[in-house]
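K.L.:
Contents of run.cif (mmCIF, C-alpha atoms and all ligand atoms) are below:
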```cif
data_final
loop_
_atom_site.group_PDB
_atom_site.id
_atom_site.type_symbol
_atom_site.label_atom_id
_atom_site.label_comp_id
_atom_site.auth_asym_id
_atom_site.auth_seq_id
_atom_site.Cartn_x
_atom_site.Cartn_y
_atom_site.Cartn_z
ATOM 1 C CA GLU A 361 -15.227 -99.351 53.955
ATOM 2 C CA ARG A 362 -18.600 -100.404 52.666
ATOM 3 C CA ARG A 363 -19.936 -98.549 49.667
ATOM 4 C CA VAL A 364 -22.935 -99.876 47.825
ATOM 5 C CA ALA A 365 -23.388 -98.689 44.286
ATOM 6 C CA ALA A 366 -26.859 -97.986 43.028
ATOM 7 C CA PHE A 367 -27.859 -100.444 40.354
ATOM 8 C CA GLU A 368 -29.261 -100.058 36.917
ATOM 9 C CA SER A 369 -32.753 -101.422 37.211
ATOM 10 C CA LEU A 370 -35.379 -101.265 39.941
ATOM 11 C CA THR A 371 -35.732 -105.046 39.724
ATOM 12 C CA LYS A 372 -32.095 -106.103 39.895
ATOM 13 C CA ILE A 373 -30.497 -107.259 43.106
ATOM 14 C CA PRO A 374 -28.065 -104.706 44.565
ATOM 15 C CA GLU A 375 -24.466 -105.759 44.577
ATOM 16 C CA LEU A 376 -21.556 -104.597 46.629
ATOM 17 C CA LYS A 377 -19.061 -102.836 44.482
ATOM 18 C CA PRO A 378 -16.697 -99.943 44.967
ATOM 19 C CA VAL A 379 -17.564 -96.756 43.090
ATOM 20 C CA PRO A 380 -14.635 -95.169 41.219
ATOM 21 C CA ARG A 381 -13.646 -91.640 42.277
ATOM 22 C CA HIS A 382 -14.517 -88.662 40.058
ATOM 23 C CA ARG A 383 -14.246 -84.853 40.038
ATOM 24 C CA LEU A 384 -17.057 -84.353 42.577
ATOM 25 C CA SER A 385 -16.205 -87.197 45.000
ATOM 26 C CA ASP A 386 -14.759 -84.943 47.722
ATOM 27 C CA GLU A 387 -17.577 -82.382 47.591
ATOM 28 C CA ILE A 388 -20.205 -85.129 47.665
ATOM 29 C CA GLU A 389 -18.557 -86.831 50.635
ATOM 30 C CA LYS A 390 -18.515 -83.564 52.603
ATOM 31 C CA ILE A 391 -22.145 -82.639 51.827
ATOM 32 C CA VAL A 392 -23.448 -86.157 52.540
ATOM 33 C CA GLN A 393 -21.653 -86.284 55.899
ATOM 34 C CA GLU A 394 -23.093 -82.866 56.838
ATOM 35 C CA HIS A 395 -26.610 -84.086 56.108
ATOM 36 C CA LEU A 396 -26.131 -87.303 58.078
ATOM 37 C CA LYS A 397 -24.754 -85.334 61.025
ATOM 38 C CA PHE A 398 -27.323 -82.522 61.228
ATOM 39 C CA ASP A 399 -30.599 -83.537 59.565
ATOM 40 C CA LEU A 400 -31.460 -86.406 61.907
ATOM 41 C CA VAL A 401 -31.179 -84.270 65.064
ATOM 42 C CA ASP A 402 -34.670 -84.059 66.570
ATOM 43 C CA ASP A 403 -34.852 -80.276 67.056
ATOM 44 C CA PHE A 404 -38.601 -79.765 66.685
ATOM 45 C CA ASN A 405 -39.028 -78.756 70.333
ATOM 46 C CA SER A 406 -36.450 -75.983 70.057
ATOM 47 C CA ASN A 407 -38.786 -73.240 68.732
ATOM 48 C CA ILE A 408 -36.687 -72.775 65.607
ATOM 49 C CA TRP A 409 -39.179 -74.667 63.431
ATOM 50 C CA GLU A 410 -42.648 -73.491 62.553
ATOM 51 C CA LEU A 411 -45.165 -76.175 61.590
ATOM 52 C CA LEU A 412 -46.276 -75.483 58.030
ATOM 53 C CA ALA A 413 -48.485 -78.498 57.385
ATOM 54 C CA ALA A 414 -49.438 -81.799 58.998
ATOM 55 C CA ASP A 415 -51.307 -84.763 57.577
ATOM 56 C CA GLY A 416 -51.331 -88.068 59.456
ATOM 57 C CA GLU A 417 -47.708 -89.004 60.114
ATOM 58 C CA MET A 418 -46.403 -86.264 57.842
ATOM 59 C CA LYS A 419 -45.172 -83.007 59.348
ATOM 60 C CA VAL A 420 -43.642 -80.189 57.320
ATOM 61 C CA TYR A 421 -41.726 -77.399 59.077
ATOM 62 C CA ARG A 422 -40.041 -74.215 57.921
ATOM 63 C CA ARG A 423 -37.821 -71.508 59.326
ATOM 64 C CA GLU A 424 -38.443 -68.031 57.911
ATOM 65 C CA LEU A 425 -35.206 -66.618 56.543
ATOM 66 C CA GLU A 426 -34.664 -63.715 54.141
ATOM 67 C CA GLU A 427 -31.463 -62.244 52.741
ATOM 68 C CA ASN A 428 -31.662 -58.957 50.816
ATOM 69 C CA GLY A 429 -35.385 -59.513 50.336
ATOM 70 C CA ILE A 430 -34.891 -63.007 48.912
ATOM 71 C CA VAL A 431 -36.762 -65.836 50.652
ATOM 72 C CA LEU A 432 -34.391 -68.626 51.729
ATOM 73 C CA ASP A 433 -36.713 -70.399 54.235
ATOM 74 C CA PRO A 434 -35.083 -73.720 55.216
ATOM 75 C CA LEU A 435 -37.573 -76.567 55.130
ATOM 76 C CA LYS A 436 -37.569 -79.798 57.108
ATOM 77 C CA ALA A 437 -40.173 -82.552 56.984
ATOM 78 C CA VAL A 438 -40.658 -85.913 58.615
ATOM 79 C CA HIS A 439 -42.926 -88.725 57.517
ATOM 80 C CA SER A 440 -43.488 -92.354 58.373
ATOM 81 C CA VAL A 441 -44.618 -94.733 55.656
ATOM 82 C CA LYS A 442 -45.768 -98.333 56.071
ATOM 83 C CA GLY A 443 -44.853 -101.278 53.847
ATOM 84 C CA VAL A 444 -41.754 -99.870 52.161
ATOM 85 C CA THR A 445 -38.017 -99.815 52.855
ATOM 86 C CA GLY A 446 -35.688 -96.809 52.866
ATOM 87 C CA HIS A 447 -33.870 -98.376 49.943
ATOM 88 C CA GLU A 448 -37.100 -98.387 47.920
ATOM 89 C CA VAL A 449 -38.030 -94.801 48.829
ATOM 90 C CA CYS A 450 -34.568 -93.473 47.979
ATOM 91 C CA LYS A 451 -34.310 -95.492 44.798
ATOM 92 C CA TYR A 452 -37.555 -94.090 43.377
ATOM 93 C CA PHE A 453 -36.580 -90.546 44.432
ATOM 94 C CA TRP A 454 -33.225 -90.859 42.692
ATOM 95 C CA ASP A 455 -34.144 -92.827 39.539
ATOM 96 C CA PRO A 456 -34.550 -90.497 36.529
ATOM 97 C CA ALA A 457 -36.639 -93.138 34.734
ATOM 98 C CA VAL A 458 -39.595 -92.572 37.072
ATOM 99 C CA ARG A 459 -39.120 -88.900 38.057
ATOM 100 C CA MET A 460 -41.888 -87.423 35.905
ATOM 101 C CA GLU A 461 -44.360 -90.041 37.204
ATOM 102 C CA TRP A 462 -44.351 -88.435 40.665
ATOM 103 C CA GLU A 463 -42.889 -84.923 40.171
ATOM 104 C CA GLY A 464 -45.615 -82.313 39.859
ATOM 105 C CA THR A 465 -43.430 -79.177 39.916
ATOM 106 C CA LEU A 466 -41.338 -79.654 36.761
ATOM 107 C CA ASP A 467 -41.679 -78.765 33.109
ATOM 108 C CA SER A 468 -38.701 -80.970 32.255
ATOM 109 C CA SER A 469 -35.875 -83.076 33.657
ATOM 110 C CA ARG A 470 -32.737 -83.787 31.630
ATOM 111 C CA MET A 471 -29.868 -86.012 32.737
ATOM 112 C CA LEU A 472 -26.591 -84.404 31.663
ATOM 113 C CA GLU A 473 -24.015 -86.862 32.913
ATOM 114 C CA ALA A 474 -23.597 -90.054 34.907
ATOM 115 C CA LEU A 475 -20.523 -89.405 37.052
ATOM 116 C CA SER A 476 -20.686 -92.898 38.523
ATOM 117 C CA ASP A 477 -23.261 -95.593 39.291
ATOM 118 C CA ASP A 478 -24.483 -93.554 42.262
ATOM 119 C CA THR A 479 -24.187 -89.956 41.014
ATOM 120 C CA LEU A 480 -26.021 -88.252 38.148
ATOM 121 C CA ILE A 481 -26.119 -84.617 37.026
ATOM 122 C CA PHE A 482 -29.417 -83.020 36.022
ATOM 123 C CA ASN A 483 -30.771 -79.848 34.487
ATOM 124 C CA GLN A 484 -34.422 -79.357 35.444
ATOM 125 C CA VAL A 485 -36.884 -76.652 34.470
ATOM 126 C CA HIS A 486 -39.385 -75.818 37.192
ATOM 127 C CA LYS A 487 -42.959 -74.897 36.452
ATOM 128 C CA ARG A 488 -43.226 -71.136 36.261
ATOM 129 C CA VAL A 489 -44.596 -69.436 39.331
ATOM 130 C CA TRP A 490 -46.546 -66.338 38.329
ATOM 131 C CA PRO A 491 -45.496 -63.490 38.327
ATOM 132 C CA ALA A 492 -41.854 -64.536 38.805
ATOM 133 C CA ALA A 493 -39.455 -65.466 35.992
ATOM 134 C CA GLN A 494 -39.089 -69.170 35.284
ATOM 135 C CA ARG A 495 -36.378 -71.028 37.217
ATOM 136 C CA ASP A 496 -34.143 -73.900 36.250
ATOM 137 C CA THR A 497 -31.678 -75.901 38.327
ATOM 138 C CA CYS A 498 -28.492 -77.848 37.669
ATOM 139 C CA PHE A 499 -27.516 -80.325 40.371
ATOM 140 C CA TRP A 500 -25.757 -83.556 41.157
ATOM 141 C CA SER A 501 -27.897 -86.297 42.630
ATOM 142 C CA HIS A 502 -26.215 -88.912 44.771
ATOM 143 C CA ILE A 503 -27.638 -92.066 46.360
ATOM 144 C CA ARG A 504 -26.001 -94.291 48.953
ATOM 145 C CA SER A 505 -26.642 -96.691 51.785
ATOM 146 C CA VAL A 506 -25.400 -96.076 55.310
ATOM 147 C CA SER A 507 -24.790 -99.290 57.212
ATOM 148 C CA LYS A 508 -26.015 -99.727 60.781
ATOM 149 C CA GLU A 509 -23.982 -101.153 63.633
ATOM 150 C CA ASN A 510 -26.581 -103.824 64.382
ATOM 151 C CA LYS A 511 -26.621 -106.624 61.779
ATOM 152 C CA ASN A 512 -30.361 -107.159 62.390
ATOM 153 C CA ASP A 513 -31.150 -103.642 61.123
ATOM 154 C CA LEU A 514 -31.608 -102.630 57.520
ATOM 155 C CA ASP A 515 -29.223 -99.979 56.171
ATOM 156 C CA ASP A 516 -30.262 -96.341 56.169
ATOM 157 C CA TRP A 517 -30.402 -94.714 52.730
ATOM 158 C CA ILE A 518 -29.813 -91.138 51.616
ATOM 159 C CA VAL A 519 -30.212 -89.124 48.420
ATOM 160 C CA VAL A 520 -28.663 -85.656 48.166
ATOM 161 C CA ASN A 521 -29.480 -83.181 45.373
ATOM 162 C CA TYR A 522 -26.927 -80.358 45.399
ATOM 163 C CA SER A 523 -26.537 -77.497 42.943
ATOM 164 C CA THR A 524 -23.542 -77.452 40.641
ATOM 165 C CA THR A 525 -22.533 -76.052 37.257
ATOM 166 C CA HIS A 526 -22.171 -77.961 34.009
ATOM 167 C CA ASP A 527 -20.900 -77.039 30.542
ATOM 168 C CA SER A 528 -24.055 -78.543 29.014
ATOM 169 C CA ALA A 529 -26.316 -76.317 31.108
ATOM 170 C CA PRO A 530 -25.398 -72.651 30.687
ATOM 171 C CA ILE A 531 -27.812 -70.152 32.212
ATOM 172 C CA LYS A 532 -30.042 -68.805 29.431
ATOM 173 C CA GLU A 533 -31.905 -65.582 30.141
ATOM 174 C CA PRO A 534 -34.685 -64.869 30.876
ATOM 175 C CA MET A 535 -34.446 -68.136 32.839
ATOM 176 C CA ILE A 536 -33.122 -67.665 36.382
ATOM 177 C CA ARG A 537 -30.935 -70.352 37.963
ATOM 178 C CA ALA A 538 -32.199 -71.441 41.402
ATOM 179 C CA TRP A 539 -29.803 -73.077 43.881
ATOM 180 C CA ALA A 540 -30.534 -75.875 46.295
ATOM 181 C CA ASN A 541 -29.272 -78.356 48.827
ATOM 182 C CA VAL A 542 -31.847 -81.102 49.324
ATOM 183 C CA ALA A 543 -31.627 -84.398 51.191
ATOM 184 C CA LEU A 544 -33.929 -87.347 51.655
ATOM 185 C CA ILE A 545 -32.850 -89.686 54.463
ATOM 186 C CA CYS A 546 -34.631 -92.957 55.201
ATOM 187 C CA SER A 547 -34.407 -95.353 58.098
ATOM 188 C CA THR A 548 -36.319 -98.638 58.048
ATOM 189 C CA ILE A 549 -37.896 -100.098 61.175
ATOM 190 C CA ILE A 550 -38.842 -103.789 61.199
ATOM 191 C CA LEU A 551 -41.763 -104.717 63.453
ATOM 192 C CA ASN A 552 -41.500 -108.083 65.251
ATOM 193 C CA ARG A 553 -37.994 -108.587 63.910
ATOM 194 C CA ASP A 554 -37.436 -111.517 66.325
ATOM 195 C CA LYS A 555 -40.175 -113.556 64.622
ATOM 196 C CA TYR A 556 -38.119 -113.904 61.482
ATOM 197 C CA ALA A 557 -34.922 -115.876 61.062
ATOM 198 C CA ASP A 558 -33.534 -113.601 58.376
ATOM 199 C CA LEU A 559 -34.359 -110.241 56.826
ATOM 200 C CA SER A 560 -35.483 -111.783 53.554
ATOM 201 C CA SER A 561 -38.489 -113.461 55.213
ATOM 202 C CA VAL A 562 -39.927 -110.280 56.789
ATOM 203 C CA PRO A 563 -43.304 -109.390 55.182
ATOM 204 C CA ARG A 564 -44.065 -105.881 53.866
ATOM 205 C CA GLU A 565 -46.683 -105.233 56.547
ATOM 206 C CA ASN A 566 -43.903 -105.287 59.155
ATOM 207 C CA LEU A 567 -41.932 -102.485 57.514
ATOM 208 C CA VAL A 568 -42.038 -98.836 58.537
ATOM 209 C CA CYS A 569 -39.918 -96.259 56.717
ATOM 210 C CA LYS A 570 -39.009 -93.124 58.679
ATOM 211 C CA ILE A 571 -38.356 -90.274 56.267
ATOM 212 C CA THR A 572 -36.516 -87.012 56.879
ATOM 213 C CA TYR A 573 -36.541 -84.495 54.018
ATOM 214 C CA VAL A 574 -34.662 -81.191 54.141
ATOM 215 C CA ALA A 575 -34.557 -78.496 51.478
ATOM 216 C CA GLN A 576 -32.668 -75.214 51.287
ATOM 217 C CA VAL A 577 -33.643 -73.430 48.094
ATOM 218 C CA ASN A 578 -32.328 -70.085 46.905
ATOM 219 C CA PRO A 579 -34.580 -68.780 44.107
ATOM 220 C CA GLY A 580 -31.514 -67.110 42.592
ATOM 221 C CA GLY A 581 -33.083 -63.713 42.224
ATOM 222 C CA TRP A 582 -36.026 -61.743 43.418
ATOM 223 C CA ALA A 583 -39.440 -63.340 43.547
ATOM 224 C CA PRO A 584 -42.370 -62.041 45.627
ATOM 225 C CA ALA A 585 -42.000 -63.447 49.150
ATOM 226 C CA ASN A 586 -45.722 -64.067 49.657
ATOM 227 C CA VAL A 587 -46.015 -65.946 46.365
ATOM 228 C CA LEU A 588 -42.927 -68.061 47.038
ATOM 229 C CA ARG A 589 -44.064 -68.972 50.562
ATOM 230 C CA ALA A 590 -47.524 -69.887 49.275
ATOM 231 C CA VAL A 591 -45.946 -72.164 46.649
ATOM 232 C CA TYR A 592 -43.698 -73.873 49.216
ATOM 233 C CA LYS A 593 -46.581 -74.328 51.652
ATOM 234 C CA ARG A 594 -48.639 -76.014 48.947
ATOM 235 C CA GLU A 595 -45.971 -77.961 47.037
ATOM 236 C CA TYR A 596 -43.783 -79.598 49.710
ATOM 237 C CA PRO A 597 -46.666 -81.385 51.519
ATOM 238 C CA LYS A 598 -48.186 -82.304 48.141
ATOM 239 C CA PHE A 599 -44.851 -83.755 46.998
ATOM 240 C CA LEU A 600 -44.341 -85.779 50.181
ATOM 241 C CA LYS A 601 -47.848 -87.208 50.047
ATOM 242 C CA ARG A 602 -47.863 -87.951 46.341
ATOM 243 C CA PHE A 603 -44.330 -89.341 46.182
ATOM 244 C CA THR A 604 -44.684 -91.678 49.178
ATOM 245 C CA GLN A 605 -48.046 -92.930 47.869
ATOM 246 C CA TYR A 606 -46.357 -93.526 44.519
ATOM 247 C CA VAL A 607 -43.645 -95.667 46.143
ATOM 248 C CA MET A 608 -46.249 -97.657 48.130
ATOM 249 C CA ASP A 609 -48.296 -98.323 44.984
ATOM 250 C CA LYS A 610 -45.268 -99.260 42.879
ATOM 251 C CA THR A 611 -43.723 -101.665 45.387
ATOM 252 C CA LYS A 612 -46.863 -103.350 46.760
ATOM 253 C CA LYS A 613 -46.574 -106.406 44.516
ATOM 254 C CA LEU A 614 -42.803 -106.406 44.102
ATOM 255 C CA PRO A 615 -40.260 -108.337 46.149
ATOM 256 C CA ILE A 616 -38.857 -106.201 48.980
ATOM 257 C CA LEU A 617 -35.696 -104.259 48.133
ATOM 258 C CA LEU A 618 -33.760 -104.688 51.371
HETATM 259 O O1 LIG B 701 -37.118 -82.825 45.862
HETATM 260 C C1 LIG B 701 -37.950 -82.755 44.985
HETATM 261 N N1 LIG B 701 -37.656 -82.990 43.698
HETATM 262 C C2 LIG B 701 -36.323 -83.339 43.232
HETATM 263 C C3 LIG B 701 -36.426 -84.234 42.029
HETATM 264 O O2 LIG B 701 -37.007 -83.581 40.923
HETATM 265 C C4 LIG B 701 -35.522 -82.108 42.859
HETATM 266 C C5 LIG B 701 -35.267 -81.236 44.046
HETATM 267 C C6 LIG B 701 -34.461 -79.994 43.719
HETATM 268 C C7 LIG B 701 -35.071 -78.749 43.851
HETATM 269 C C8 LIG B 701 -34.376 -77.598 43.535
HETATM 270 C C9 LIG B 701 -33.059 -77.719 43.112
HETATM 271 C C10 LIG B 701 -32.437 -78.948 43.014
HETATM 272 C C11 LIG B 701 -33.164 -80.096 43.312
HETATM 273 O O3 LIG B 701 -34.627 -81.948 45.065
HETATM 274 C C12 LIG B 701 -39.394 -82.395 45.285
HETATM 275 C C13 LIG B 701 -39.538 -80.929 45.466
HETATM 276 C C14 LIG B 701 -40.993 -80.547 45.617
HETATM 277 C C15 LIG B 701 -41.254 -79.143 46.060
HETATM 278 C C16 LIG B 701 -40.642 -78.113 45.175
HETATM 279 C C17 LIG B 701 -40.925 -76.720 45.596
HETATM 280 C C18 LIG B 701 -40.393 -75.696 44.685
HETATM 281 C C19 LIG B 701 -38.934 -75.825 44.281
HETATM 282 C C20 LIG B 701 -38.379 -74.490 43.912
HETATM 283 C C21 LIG B 701 -37.520 -74.441 42.724
HETATM 284 C C22 LIG B 701 -37.346 -73.092 42.116
HETATM 285 C C23 LIG B 701 -37.911 -71.911 42.823
HETATM 286 C C24 LIG B 701 -38.993 -71.204 42.028
HETATM 287 C C25 LIG B 701 -39.087 -69.758 42.382
HETATM 288 C C26 LIG B 701 -40.085 -68.946 41.592
#
```
Produce structure tokens that represent the structure in this file.
Ligand code: 16H
P.N.:
Amino acid sequence: ERRVAAFESLTKIPELKPVPRHRLSDEIEKIVQEHLKFDLVDDFNSNIWELLAADGEMKVYRRELEENGIVLDPLKAVHSVKGVTGHEVCKYFWDPAVRMEWEGTLDSSRMLEALSDDTLIFNQVHKRVWPAAQRDTCFWSHIRSVSKENKNDLDDWIVVNYSTTHDSAPIKEPMIRAWANVALICSTIILNRDKYADLSSVPRENLVCKITYVAQVNPGGWAPANVLRAVYKREYPKFLKRFTQYVMDKTKKLPILL
């Protein structure tokens, strides 16, 4: 079984090494497999998704869902970004060292624990959305590669952020704990692959990263539906645009992370 650990620095070369098991290994395995199985299904022609925003290659969809007056709208977005690999996109999404450089919806982000080289636990405080109470979240964040059958393809990459509890992050009123299951899945396409003897000689301009982003957020308590939906409609497209631009800018002059 091939498991690639995430590595410490954005500049280091990834190495193949097994990741030791820990208390969340089984849960993480189950949630990751669910995302890989369901998120990549192209179900946009099925009438279940409503287009929320579109900008170039980026399309953001939602499904209206309420439970006891609480908005739970599942969100799904696809994007296609030139000149970057899925490894690069996932690495920058996962790396706490650069989070506040691209995140526009947080007051703070605190890493509570490193469970392994590929799994961190965070407590984040989200910017307050008037007139609702402020929300925080506590979640594990896991990154991994998913190898392809064809040796000429680059691996797919996935990051999952999934709510959990942690002794170092008790819920402190009046803060409300929001819950989420978020995944970013990236697949890299190489244009004119046959022109290059090996992957390491492919230039950036021949890379296209296909991104799928899904988010199920439970605000954890009542918040006005119209306000919440307005925030989601504004923030998810803004995040996708800003974050992908950030990765393009950051990697432009760096060697390609395959
Ligand atoms: O995915 C994004 N950011 C991740 C890295 O900071 C964290 C995210 C997450 C979200 C909630 C819980 C766990 C993990 O994966 C970019 C998200 C950009 C759009 C955010 C929209 C608003 C998020 C709602 C949070 C609380 C609800 C507030 C209700 C008043």
K.L.:
Using all atoms listed in the file, which protein or nucleic acid residues come within 9 Å of A:Thr445? Drop anything in the same chain fewer than 6 positions from it, and give the result as a PyMOL selection string.
P.N.:
chain A and resi 514+546-549+564+567-570+616-618
K.L.:
Name all residues at most 10 Å from A:His382 (count all atoms listed in the file; drop same-chain ones fewer than 5 positions away) and give them as a PDB file with C-alpha atoms, in the coordinates of the input.
P.N.:
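around13.pdb, written as the output of this step:
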```pdb
ATOM      1  CA  LEU A 475     -20.523 -89.405  37.052  1.00  0.00           C
ATOM      2  CA  SER A 476     -20.686 -92.898  38.523  1.00  0.00           C
ATOM      3  CA  THR A 479     -24.187 -89.956  41.014  1.00  0.00           C
TER       4      THR A 479
END
```
K.L.:
As lines of an AutoDock Vina configuration file, please: the centre and edge lengths in Å, to one decimal, of an axis-aligned box enclosing every listed atom of ligand LIG 701 (chain B) with 4 Å added on each side.
P.N.:
```
center_x = -36.8
center_y = -76.6
center_z = 43.5
size_x = 16.8
size_y = 23.3
size_z = 13.1
```
K.L.:
So how far away is atom CA of A:Glu509 from atom CA of A:Ser406, in Å?
P.N.:
28.8 Å
K.L.:
Taking all atoms listed in the file into account, which residues are within 7 Å of ligand LIG 701 (chain B), as a PyMOL selection string?
P.N.:
chain A and resi 453+459+463+465+486+488-489+492-499+521-523+538-542+577+579+583+588+591-592+595-596+599
K.L.:
Where does the PyMOL selection byres (((chain A and resi 437) around 12) and not hetatm) land in this file, that is, which residues does it pick, as a ChimeraX atom specification?
P.N.:
/A:399-400,402-404,409-415,417-423,434-436,438-440,542-546,570-576,593,596-601
K.L.:
Could you write out as number ranges by chain the residues that the PyMOL selection byres (((chain A and resi 430) around 8) and not hetatm) matches in the shown file?
P.N.:
A: 426-429, 431-432, 578-579, 581-583, 585
K.L.:
Do you know which residues lie at most 12 Å from (-29.2, -90.4, 39.1), with coordinates as in the file and all atoms listed in the file counted, and could you write them as a ChimeraX atom specification?
P.N.:
/A:365-369,450-459,469-483,499-504,519-521
K.L.:
As an exercise, work out the distance from atom CA of A:Ser507 to atom CA of A:Val401 in Å and give it to one decimal place.
P.N.:
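Computed distance, atom CA of A:Ser507 to atom CA of A:Val401, equals 18.1 Å.
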K.L.:
Run through the PyMOL selection byres (((chain A and resi 551) around 9) and not hetatm) on the given coordinates and return the selected residues as a ChimeraX atom specification.
P.N.:
/A:549-550,552-554,562,565-568
K.L.:
Output stretch 489-502 of chain A as a JSON list (two decimals), in the frame of the given file, making sure N, CA and C atoms are there.
P.N.:
```
[["chain", "number", "residue", "atom", "x", "y", "z"],
["A", 489, "VAL", "N", -43.75, -69.93, 38.26],
["A", 489, "VAL", "CA", -44.60, -69.44, 39.33],
["A", 489, "VAL", "C", -44.91, -67.97, 39.03],
["A", 490, "TRP", "N", -46.14, -67.71, 38.66],
["A", 490, "TRP", "CA", -46.55, -66.34, 38.33],
["A", 490, "TRP", "C", -46.49, -65.45, 39.56],
["A", 491, "PRO", "N", -45.98, -64.22, 39.51],
["A", 491, "PRO", "CA", -45.50, -63.49, 38.33],
["A", 491, "PRO", "C", -43.98, -63.52, 38.19],
["A", 492, "ALA", "N", -43.33, -64.48, 38.84],
["A", 492, "ALA", "CA", -41.85, -64.54, 38.80],
["A", 492, "ALA", "C", -41.35, -65.15, 37.49],
["A", 493, "ALA", "N", -40.08, -64.86, 37.17],
["A", 493, "ALA", "CA", -39.46, -65.47, 35.99],
["A", 493, "ALA", "C", -39.29, -66.96, 36.23],
["A", 494, "GLN", "N", -39.24, -67.73, 35.14],
["A", 494, "GLN", "CA", -39.09, -69.17, 35.28],
["A", 494, "GLN", "C", -37.70, -69.52, 35.82],
["A", 495, "ARG", "N", -37.64, -70.58, 36.62],
["A", 495, "ARG", "CA", -36.38, -71.03, 37.22],
["A", 495, "ARG", "C", -35.96, -72.37, 36.63],
["A", 496, "ASP", "N", -34.64, -72.56, 36.51],
["A", 496, "ASP", "CA", -34.14, -73.90, 36.25],
["A", 496, "ASP", "C", -33.08, -74.22, 37.30],
["A", 497, "THR", "N", -32.69, -75.48, 37.36],
["A", 497, "THR", "CA", -31.68, -75.90, 38.33],
["A", 497, "THR", "C", -30.72, -76.87, 37.65],
["A", 498, "CYS", "N", -29.49, -76.90, 38.14],
["A", 498, "CYS", "CA", -28.49, -77.85, 37.67],
["A", 498, "CYS", "C", -27.88, -78.43, 38.93],
["A", 499, "PHE", "N", -27.97, -79.74, 39.11],
["A", 499, "PHE", "CA", -27.52, -80.32, 40.37],
["A", 499, "PHE", "C", -27.02, -81.76, 40.21],
["A", 500, "TRP", "N", -26.12, -82.14, 41.10],
["A", 500, "TRP", "CA", -25.76, -83.56, 41.16],
["A", 500, "TRP", "C", -26.72, -84.25, 42.11],
["A", 501, "SER", "N", -26.98, -85.51, 41.81],
["A", 501, "SER", "CA", -27.90, -86.30, 42.63],
["A", 501, "SER", "C", -27.20, -87.59, 42.99],
["A", 502, "HIS", "N", -27.02, -87.79, 44.29],
["A", 502, "HIS", "CA", -26.22, -88.91, 44.77],
["A", 502, "HIS", "C", -27.04, -89.81, 45.70]]
```
